[in-house]
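*Asks:* Pasting a structure here, questions to come.
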Amino acid sequence: MQTIQVNKPYQLPPLADQAAQAMQEIMNGLAKPVASLGRLEELAVRLARIEATTKLRLQHKTLLVFAADHGVTVEHVSATPKKVTIVQAGNMLAGHTAVAALAQAAHCHVQVIDIGIDSAHTFPGLIDAKIAYGTHNIALGPAMTRAQALQAIKIGYATAVAAINAGSDILAVGELGVGNTTTAAAVAAACLQCPATEVVGRGSNIADAKFKHKIAIVQQSLKINQPDTDDAIDILAKVGGFEFGGKVGAMLAAAEHQTPLILDGFISYAAALLAQKIAPTITDYLVPSHVSHEQGSKRALQQLRLQPYFDLNLCVGEGTGAVMLMPWLDELNAILTQMNTLADMDIIYKH
Ligand SMILES: O=C(O)c1ccc[n+]([C@@H]2O[C@H](COP(=O)([O-])O)[C@@H](O)[C@H]2O)c1
Ligand SMILES: Cc1cc2nc[nH]c2cc1C
């Protein structure tokens with residue numbers, strides 16, 4: 001992993017435009033009208049550009065779920081009690097959360113990484129990378145130290161590299177973290193330099209009074225911490241959370257290893273905004289999945305120049321939307337390996 005420096009772009013490998021062009025030609029030559037597979041074709045081209053080949057590696061899929069707690073939950077910004085982070089980590093490993101069920105259907109391996117859960121409890125299979133027992137309350141001061149922010153990125157990076165070395169072709173990121181839509185809004189507001197009102201959402205479905213209070217808490221956290229908007233590490237340390245750092249590290253590792261990484265919802269977008277500040281071209285290596293229902297999603301996606309493939313009003317998190325994209329990759333593989341070409345059929349197609 002390279003050293004991350006302010007105002008010095010992190011170096012990523014060049015994107016494989018030749019492989020992308022070759023994939024577009026393969027798509028054009030399949031036995032169908034040109035462009036008729038719509039955005040599935042664009043997805044194929046995107047994947048070829050990242051993997052630097054038209055022989056796409058799509059089979060082995062791994063979801064990395066970074067789980068952490070947030071000191072800001074004492075401000076009553078969530079509808080969910082804090083213990084849900086640790087409880088759902090156990091349920092996820094036992095196969096009973098939304099994403100665990102979807103992952104089973106999608107033949108996706110799930111790793112749950114405790115990067116900062118506020119509990120000493122553990123479960124078989126829970127990866128222990130705990131930096132601290134939750135962050136500090138961002139409404140009163142910084143969430144973590146700069147060293148802890150860098151540590152979170154390193155953990156995410158090492159976790160992703162290990163998954164790639166173990167044979168993962170495709171990575172995805174998800175999270176568990178009660179209160180993290182408050183943190184994600186603060187991170188997004190700092191990255192986008194926009195008012196909190198544009199990026200605070202209903203999270204785990206809070207009612208109007210809590211929603212107003214949540215906006216005030218995000219505003220307060222930005223005022224009290226004054227994050228340096230040019231410095232992703234400063235934003236992460238002051239108003240972020242450990243799972244955001246884990247995701248940033250996984251994104252950097254995936255891009256460096258020419259491995260596509262599928263984003264999930266608003267927490268992923270906020271992490272991607274941080275990664276974009278570190279490595280401005282990183283978004284070309286990421287694969288969006290869905291438009292999260294969380295307010296602020298469209299604004300964040302615009303800045304990331306990412307156009308998700310579907311919109312189901314999802315806002316579960318956990319990696320659910322990312323895993324829902326995975327069957328499409330199997331479908332793409334079937335198209336690439338089983339379809340006739342126009343040449344096979346001796347058809348001259350003129351449009
Ligand atoms: O992915 C999203 O866009 C998303 C939107 C709303 C909520 N979540 C999930 O809900 C939890 C945070 O909600 P909250 O209200 O406690 O901030 C956390 O575990 C997230 O994974 C996730
Ligand atoms: C049960 C439950 C599961 C979740 N997963 C992500 N956020 C969640 C919030 C709740 C309440």
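In the structure tokens, the first chain shown is A, the next is B, and so on; residue numbers restart at 1 for each chain, and ligands run from 1 in the order shown.
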Select from stretch 11-194 of chain A everything DSSP, run on the backbone, classes as strand (DSSP E), then give the selection as a PyMOL selection string.

*Replies:* chain A and resi 61-68+108-116+127-128+170-176

*Asks:* List the spatial neighbours of stretch 318-322 of chain A as a list in words - criterion: any atom at most 8 Å away, only C-alpha atoms, same-chain residues fewer than 3 positions off excluded.

*Replies:*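 In the requested form, the answer reads Leu63, Val65, Ala98, Val99, Leu102, Ala172, Val173, Gly174, Glu175, Leu176, Ile262, Leu263, Asp264, Gly265, Pro288, Ser289, His290, Leu314, Leu325 and Met326 of chain A.
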
*Asks:* I need the residue nearest ligand 2 from this list: A:Lys277, A:Lys212, A:Lys83, A:His60. Use only C-alpha atoms and all ligand atoms for the distance.

*Replies:*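 Of all the options, A:Lys83 lies closest to ligand 2.
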
*Asks:* Give me, as a PyMOL selection string, the set of residues whose atoms come within 10 Å of any atom of ligand 2, counting only C-alpha atoms and all ligand atoms.

*Replies:* chain A and resi 78-85+87-89+91-92+97-99+174-181+203-205+315-320

*Asks:* May I ask which of the residues A:Leu192, A:Ala209, A:Val77, A:Leu312 is the closest one to ligand 1, counting only C-alpha atoms and all ligand atoms?

*Replies:* A:Val77

*Asks:* Taking only C-alpha atoms into account, which of A:Ala190, A:Ile206, A:Leu236, A:Ala253 comes nearest A:Ala300?

*Replies:*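 Of all the options, A:Ala190 lies closest to A:Ala300.
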
*Asks:* Run DSSP on the backbone and tell me which residues of stretch 35-260 of chain A come out as helix (DSSP H, G or I); list them as a ChimeraX atom specification.

*Replies:* /A:38-51,71-75,84-93,98-105,146-165,180-192,196-198,208-225,232-239,242-256

*Asks:* Grab the atom CA of A:Met324 to atom CA of A:Ile278 distance for me, in Å with one decimal place.

*Replies:*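 Between atom CA of A:Met324 and atom CA of A:Ile278 the gap works out to 28.1 Å.
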
*Asks:* A:Asp234: which residues within 10 Å, counting only C-alpha atoms, same-chain residues fewer than 2 positions away excluded, as a list of chain:residue names?

*Replies:*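 Counting only C-alpha atoms, the residues come to A:Val6, A:Pro142, A:Met144, A:Thr145, A:Arg146, A:Ala149, A:Leu150, A:Asn225, A:Gln226, A:Pro227, A:Asp228, A:Thr229, A:Asp230, A:Asp231, A:Ala232, A:Leu236, A:Ala237, A:Lys238, A:Val239, A:Gly240, A:Leu274.
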
*Asks:* Between A:Ser292, A:Thr281, A:Thr259, A:Gln24, which has the minimum distance to ligand 1 (counting only C-alpha atoms and all ligand atoms)?

*Replies:*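 Checking each candidate against ligand 1, we get A:Ser292 as the closest.
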
*Asks:* Rank nothing, just name the residue among A:Ala35, A:Ala67, A:Ala162, A:Leu171 nearest to A:Tyr133, using only C-alpha atoms.

*Replies:*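 Between A:Ala35, A:Ala67, A:Ala162, A:Leu171, the residue approaching A:Tyr133 most closely is A:Ala67.
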
*Asks:* Could you work out how far atom CA of A:Gln303 lies from atom CA of A:Leu140, giving the answer in Å with one decimal?

*Replies:*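 Atom-to-atom, atom CA of A:Leu140 and atom CA of A:Gln303 are spaced 28.5 Å apart.
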
*Asks:* Can you tell me which residues surround A:Leu273 at a distance of at most 7 Å, considering only C-alpha atoms, apart from same-chain residues fewer than 3 positions away, and format the answer as a PyMOL selection string?

*Replies:* chain A and resi 191+269-270+276-277+304

*Asks:* Could you write out that same residue set with C-alpha atoms as a PDB file, in the first residue's frame?

*Replies:*
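Output below, filename again33.pdb:
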ATOM      1  CA  CYS A 191     -16.710  16.084   0.693  1.00  0.00           C
ATOM      2  CA  TYR A 269     -20.961   6.375  -1.596  1.00  0.00           C
ATOM      3  CA  ALA A 270     -19.654   8.441   1.326  1.00  0.00           C
ATOM      4  CA  GLN A 276     -12.034   9.873  -4.695  1.00  0.00           C
ATOM      5  CA  LYS A 277     -10.191  12.599  -2.759  1.00  0.00           C
ATOM      6  CA  LEU A 304     -18.697  10.133  -8.175  1.00  0.00           C
TER       7      LEU A 304
END

*Asks:* If we count only C-alpha atoms, what is near A:Leu126 at a cut-off of 8 Å, once residues fewer than 3 positions away on the same chain are taken out, given as an MDAnalysis selection string?

*Replies:* chainID A and resid 89:90 93 111:114 122:123

*Asks:* Just to be explicit: take each residue in the selection above, keep N, CA and C atoms, and write the result as an mmCIF file, in the first residue's frame.

*Replies:*
data_model
loop_
_atom_site.group_PDB
_atom_site.id
_atom_site.type_symbol
_atom_site.label_atom_id
_atom_site.label_comp_id
_atom_site.auth_asym_id
_atom_site.auth_seq_id
_atom_site.Cartn_x
_atom_site.Cartn_y
_atom_site.Cartn_z
ATOM 1 N N ALA A 89 -24.326 -8.635 13.485
ATOM 2 C CA ALA A 89 -23.070 -9.266 13.043
ATOM 3 C C ALA A 89 -23.187 -10.782 13.266
ATOM 4 N N GLY A 90 -23.710 -11.159 14.422
ATOM 5 C CA GLY A 90 -23.899 -12.591 14.717
ATOM 6 C C GLY A 90 -24.929 -13.216 13.789
ATOM 7 N N LEU A 93 -23.497 -13.784 10.329
ATOM 8 C CA LEU A 93 -22.620 -14.965 10.248
ATOM 9 C C LEU A 93 -23.432 -16.259 10.303
ATOM 10 N N GLN A 111 -17.770 -12.039 4.417
ATOM 11 C CA GLN A 111 -16.859 -11.895 5.565
ATOM 12 C C GLN A 111 -17.355 -10.713 6.401
ATOM 13 N N VAL A 112 -17.449 -10.925 7.703
ATOM 14 C CA VAL A 112 -17.863 -9.832 8.589
ATOM 15 C C VAL A 112 -16.640 -9.437 9.423
ATOM 16 N N ILE A 113 -16.279 -8.160 9.311
ATOM 17 C CA ILE A 113 -15.052 -7.679 9.957
ATOM 18 C C ILE A 113 -15.436 -6.712 11.068
ATOM 19 N N ASP A 114 -15.097 -7.075 12.303
ATOM 20 C CA ASP A 114 -15.296 -6.153 13.430
ATOM 21 C C ASP A 114 -14.145 -5.159 13.406
ATOM 22 N N THR A 122 -18.229 -11.835 20.846
ATOM 23 C CA THR A 122 -17.784 -12.257 19.523
ATOM 24 C C THR A 122 -18.591 -13.460 19.061
ATOM 25 N N PHE A 123 -18.398 -13.824 17.804
ATOM 26 C CA PHE A 123 -19.114 -14.954 17.203
ATOM 27 C C PHE A 123 -18.128 -15.750 16.358
#

*Asks:* Can you pull out every residue within 8 Å of A:Gly29, counting only C-alpha atoms, but drop anything in the same chain fewer than 4 positions away, and send it as a ChimeraX atom specification?

*Replies:* /A:25,34,341-343

*Asks:* Excluding same-chain residues fewer than 5 positions from A:Ala68, what lies within 6 Å of it counting only C-alpha atoms, as a list in words?

*Replies:*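 Here the qualifying residues turn out to be Ile115, Gly116, Ile117, Gly177 and Glu243 of chain A.
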
*Asks:* Between A:Lys8, A:His293, A:Lys61, A:His76, which one has atoms that come closest to ligand 1, using only C-alpha atoms and all ligand atoms?

*Replies:*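 That would be A:His293, the residue with the smallest distance to ligand 1.
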
*Asks:* Which value, in Å to one decimal, gives the distance between atom CA of A:Gly38 and atom CA of A:Leu15?

*Replies:*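 Computed distance, atom CA of A:Gly38 to atom CA of A:Leu15, equals 22.3 Å.
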